[in-house]
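Engineer: Sharing a structure with you now.
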Amino acid sequence: MKRILLLCCTFLLMPALTSALSLEITPKIAKVKAGQTLMYNLTLTTEVDDWIVMHLTGIKPWMTVDSFGFVKANTSVTKHVYVSPTYSTPVGVYKVVVTVESPRLNKTASDEFLITVVKEAYAAIEDFKIAGDYVPLGYVSLRASVVNPGIAPIENVTANIYLSNTTATLNKASYKLELAQGEKKEIVHNFTLKAGLASGRYCASMVLLYRNEPMDSATRCFSVKPAAIIKKTYERNPVFIGERVKIKVYNLGNIVAENVEVSENLGASSGFYSHIQGPKPSREGGVTTWNIRRIYPMDYAVIEYEINYAPLLVLLILIGGALWFMLYAVRVVSIEKRIIHKKKVKTGESFTVVIEIKNRVGKEIEGLVIRDLVPMIFKVNGYTGPKPRRRAVTKGTELVWRVRKLKPYEERIFSYKITSMVEVKGGFKLPRAKVFYRFMNRMRSRLSNAPDLGE
């Protein structure tokens, strides 16, 4: 009885175990343009519940495939293949074979489709060359020909150029291109290798981009040679009669420079040579030569000397300049005090005193203060012009005038009258007036003469 039941169950299950597994792809053949996306439909039918395994042949990085995963029995499931060729995808026909496998049925089903990739407008690098002096500070020229082999014009193509080694990008440039159908343009990019660039392998690359997608690229590599590159700079500073010269000798290469010779033809001036810094020179026939034992990469040595034709004359000029400065600074503002009028009065004599100040330079003077002392035997009777501030002091009356500023070569006069309270006989001189002023950030002063009342 049990054997009969087992045979019945086996007979009933056989249709399920032998049921069909099918796969159909539509469309079978299609054309797609670079930069666009095309969708293929994958329709799977099975009559058992199962996890479907998919195998792909001829798939490309610019293709995306949906997986079937778990599929229920007696259903048709459609998934998709998305084809999106980039502008760098070569033109041609591509074949993709899709195979699905049912582990429960232990069966497979296959189908295939064809894709034709075309390009209406695109850019390609036809020729890419690099030449130059492959040492630090060497001049390198990169030339590339870019062509549009498509059937339509193309705009806004970006050509990026990179100079790099295995660790970093050392130089970058970018060019914008517009190409008519079949047009070819040449790009020339010149650059200088940086100072101290280590020897080794470097590569120059060009990448063409369109709508931020790569269309084509090319790379050329070269080797930077070990070399010591010597460069000199001069700093000349005049001294009174002669000059001080500082020579900086740089090694801008990538190896140590040994026994570097620096020569200068000083002619007759070599007799006035004075050494300041650096190796001691040798001199022959007016030519002065320094020998520097060693300069490391990206380092420098300093040679400094002075040519002084007449140290004594320089000293005299310095002294003369100092004297001139002192006289100039002292005579910036002059002050003179004099008696312009006198007459007899009941108590004695009356005098009119004038103080005259003058700016003798072509620069405005600020903050002037004029002080004068009237002896106690005199009485101040009045003023002509600006009125001073009066203050009683031990020896008499102090008069103070303040002038905010004095224009170049401007004169100011201050006048006042005094009367003697006793009879003055014989020679009597009034005190000197004094002016204070600020010049060259320093407070300075100058005294007037002392006028004689008997004159």
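For the structure tokens, the naming scheme is as follows: chains receive sequential letters (A, B, ...) according to their order of presentation, residues are indexed from 1 within each chain, and ligands are indexed from 1 in presentation order.
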Report as number ranges by chain all protein, DNA and RNA residues lying within 8 Å of range 135-145 of chain A, evaluated on only C-alpha atoms, omitting residues in the same chain fewer than 5 positions from it.
Structural biologist: A: 125-130, 184-199, 224-227, 229, 252-254
Engineer: Emit the selected residues as a CSV table (one decimal), in the first residue's frame, including C-alpha atoms.
Structural biologist:
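Below is the file that was written, selection-v7.csv:
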```
chain,number,residue,atom,x,y,z
A,125,ILE,CA,43.2,62.7,-29.3
A,126,GLU,CA,44.9,61.9,-32.5
A,127,ASP,CA,48.5,62.8,-31.6
A,128,PHE,CA,50.1,63.5,-28.2
A,129,LYS,CA,53.8,64.4,-27.9
A,130,ILE,CA,56.1,65.8,-25.2
A,184,LYS,CA,41.4,69.2,-36.1
A,185,LYS,CA,43.0,71.6,-33.6
A,186,GLU,CA,46.4,71.6,-32.0
A,187,ILE,CA,47.0,72.3,-28.3
A,188,VAL,CA,50.4,73.5,-27.2
A,189,HIS,CA,51.1,73.7,-23.5
A,190,ASN,CA,54.5,74.9,-22.3
A,191,PHE,CA,55.6,74.7,-18.7
A,192,THR,CA,58.8,74.8,-16.6
A,193,LEU,CA,59.7,72.0,-14.2
A,194,LYS,CA,59.9,73.3,-10.7
A,195,ALA,CA,63.1,73.9,-8.9
A,196,GLY,CA,64.5,71.0,-6.9
A,197,LEU,CA,62.3,68.5,-8.7
A,198,ALA,CA,63.4,65.0,-7.7
A,199,SER,CA,64.8,62.7,-10.4
A,224,VAL,CA,63.8,63.7,-14.8
A,225,LYS,CA,67.6,63.5,-14.7
A,226,PRO,CA,69.8,64.2,-11.7
A,227,ALA,CA,71.4,67.6,-12.1
A,229,ILE,CA,71.3,73.8,-11.5
A,252,LEU,CA,68.0,74.7,-7.8
A,253,GLY,CA,68.8,71.2,-8.9
A,254,ASN,CA,68.2,67.8,-7.3
```
Engineer: Enumerate, as a VMD selection string, the complete set of residues in range 95-153 of chain A that a backbone-based DSSP assignment places in strand (DSSP E).
Structural biologist: chain A and resid 95 to 102 107 to 118 124 to 132 139 to 147
Engineer: Which residues are near range 86-92 of chain A? Cut-off 9 Å, only C-alpha atoms, ignore same chain within fewer than 3 positions. Put them as a PyMOL selection string.
Structural biologist: chain A and resi 33-36+62+115-119+122-124+208-210+213-217
Engineer: Take the residues that were just selected and, keeping N, CA and C atoms, output them as a PDB file, in the first residue's frame.
Structural biologist:
```
ATOM      1  N   LYS A  33      23.116  56.195 -28.859  1.00  0.00           N
ATOM      2  CA  LYS A  33      24.153  57.223 -29.027  1.00  0.00           C
ATOM      3  C   LYS A  33      24.951  57.381 -27.723  1.00  0.00           C
ATOM      4  N   ALA A  34      26.213  57.698 -27.869  1.00  0.00           N
ATOM      5  CA  ALA A  34      27.036  57.976 -26.686  1.00  0.00           C
ATOM      6  C   ALA A  34      26.425  59.128 -25.909  1.00  0.00           C
ATOM      7  N   GLY A  35      26.367  58.975 -24.599  1.00  0.00           N
ATOM      8  CA  GLY A  35      25.761  59.985 -23.742  1.00  0.00           C
ATOM      9  C   GLY A  35      24.282  59.780 -23.502  1.00  0.00           C
ATOM     10  N   GLN A  36      23.657  58.782 -24.156  1.00  0.00           N
ATOM     11  CA  GLN A  36      22.248  58.483 -23.962  1.00  0.00           C
ATOM     12  C   GLN A  36      22.102  57.117 -23.294  1.00  0.00           C
ATOM     13  N   TRP A  62      29.550  50.218 -18.589  1.00  0.00           N
ATOM     14  CA  TRP A  62      28.494  51.203 -18.800  1.00  0.00           C
ATOM     15  C   TRP A  62      27.121  50.560 -18.963  1.00  0.00           C
ATOM     16  N   ILE A 115      23.943  45.581 -29.247  1.00  0.00           N
ATOM     17  CA  ILE A 115      23.902  47.029 -29.058  1.00  0.00           C
ATOM     18  C   ILE A 115      24.877  47.646 -30.050  1.00  0.00           C
ATOM     19  N   THR A 116      24.415  48.596 -30.814  1.00  0.00           N
ATOM     20  CA  THR A 116      25.290  49.355 -31.709  1.00  0.00           C
ATOM     21  C   THR A 116      25.496  50.746 -31.104  1.00  0.00           C
ATOM     22  N   VAL A 117      26.746  51.052 -30.727  1.00  0.00           N
ATOM     23  CA  VAL A 117      27.083  52.359 -30.139  1.00  0.00           C
ATOM     24  C   VAL A 117      27.545  53.287 -31.249  1.00  0.00           C
ATOM     25  N   VAL A 118      26.908  54.437 -31.371  1.00  0.00           N
ATOM     26  CA  VAL A 118      27.272  55.427 -32.384  1.00  0.00           C
ATOM     27  C   VAL A 118      27.548  56.757 -31.681  1.00  0.00           C
ATOM     28  N   LYS A 119      28.269  57.603 -32.388  1.00  0.00           N
ATOM     29  CA  LYS A 119      28.575  58.945 -31.883  1.00  0.00           C
ATOM     30  C   LYS A 119      28.341  59.941 -32.994  1.00  0.00           C
ATOM     31  N   TYR A 122      31.940  63.913 -31.365  1.00  0.00           N
ATOM     32  CA  TYR A 122      32.830  63.595 -30.264  1.00  0.00           C
ATOM     33  C   TYR A 122      34.242  64.043 -30.615  1.00  0.00           C
ATOM     34  N   ALA A 123      35.089  64.093 -29.617  1.00  0.00           N
ATOM     35  CA  ALA A 123      36.470  64.526 -29.801  1.00  0.00           C
ATOM     36  C   ALA A 123      37.403  63.386 -29.414  1.00  0.00           C
ATOM     37  N   ALA A 124      38.494  63.304 -30.153  1.00  0.00           N
ATOM     38  CA  ALA A 124      39.485  62.270 -29.886  1.00  0.00           C
ATOM     39  C   ALA A 124      40.882  62.860 -30.007  1.00  0.00           C
ATOM     40  N   LEU A 208      40.076  64.474 -22.312  1.00  0.00           N
ATOM     41  CA  LEU A 208      39.018  65.254 -22.948  1.00  0.00           C
ATOM     42  C   LEU A 208      37.700  64.990 -22.235  1.00  0.00           C
ATOM     43  N   LEU A 209      37.035  66.057 -21.828  1.00  0.00           N
ATOM     44  CA  LEU A 209      35.746  65.948 -21.135  1.00  0.00           C
ATOM     45  C   LEU A 209      34.660  66.643 -21.938  1.00  0.00           C
ATOM     46  N   TYR A 210      33.490  66.018 -21.966  1.00  0.00           N
ATOM     47  CA  TYR A 210      32.316  66.613 -22.578  1.00  0.00           C
ATOM     48  C   TYR A 210      31.137  66.358 -21.657  1.00  0.00           C
ATOM     49  N   GLU A 213      31.955  64.280 -18.691  1.00  0.00           N
ATOM     50  CA  GLU A 213      32.243  62.862 -18.901  1.00  0.00           C
ATOM     51  C   GLU A 213      33.475  62.731 -19.783  1.00  0.00           C
ATOM     52  N   PRO A 214      34.355  61.786 -19.474  1.00  0.00           N
ATOM     53  CA  PRO A 214      35.561  61.618 -20.290  1.00  0.00           C
ATOM     54  C   PRO A 214      35.230  61.077 -21.676  1.00  0.00           C
ATOM     55  N   MET A 215      35.910  61.637 -22.681  1.00  0.00           N
ATOM     56  CA  MET A 215      35.733  61.175 -24.050  1.00  0.00           C
ATOM     57  C   MET A 215      36.967  60.419 -24.544  1.00  0.00           C
ATOM     58  N   ASP A 216      38.137  60.923 -24.168  1.00  0.00           N
ATOM     59  CA  ASP A 216      39.368  60.283 -24.605  1.00  0.00           C
ATOM     60  C   ASP A 216      40.493  60.734 -23.680  1.00  0.00           C
ATOM     61  N   SER A 217      41.569  59.997 -23.683  1.00  0.00           N
ATOM     62  CA  SER A 217      42.716  60.361 -22.854  1.00  0.00           C
ATOM     63  C   SER A 217      43.987  59.795 -23.476  1.00  0.00           C
TER      64      SER A 217
END
```
Engineer: Between A:Met421, A:Pro279, A:Val93, A:Tyr250, which has the minimum distance to Lys31 in chain A (counting only C-alpha atoms)?
Structural biologist: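 Nearest to Lys31 in chain A: A:Val93.
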Engineer: Near range 75-83 of chain A, within 10 Å and counting only C-alpha atoms, which residues show up once chain neighbours fewer than 4 positions away are dropped, as a PyMOL selection string?
Structural biologist: chain A and resi 22-26+32+34+36-49+59-68+71+115+117
Engineer: Env of Lys248 in chain A: 9 Å cut, atoms = only C-alpha atoms, seq-sep filter 4 positions within chain, self excluded. Answer as a ChimeraX atom specification.
Structural biologist: /A:231-235,300-304
Engineer: For a test of reading the model, state the distance in Å between CA of Val98 in chain A and CA of Met54 in chain A, rounded to one decimal.
Structural biologist: 7.1 Å
Engineer: Mind pulling up the distance from CA of Ser223 in chain A to CA of Glu261 in chain A?
Structural biologist: 28.6 Å
Engineer: Can you measure CA of Val239 in chain A to CA of Tyr309 in chain A for me? One decimal in Å is fine.
Structural biologist: 10.0 Å
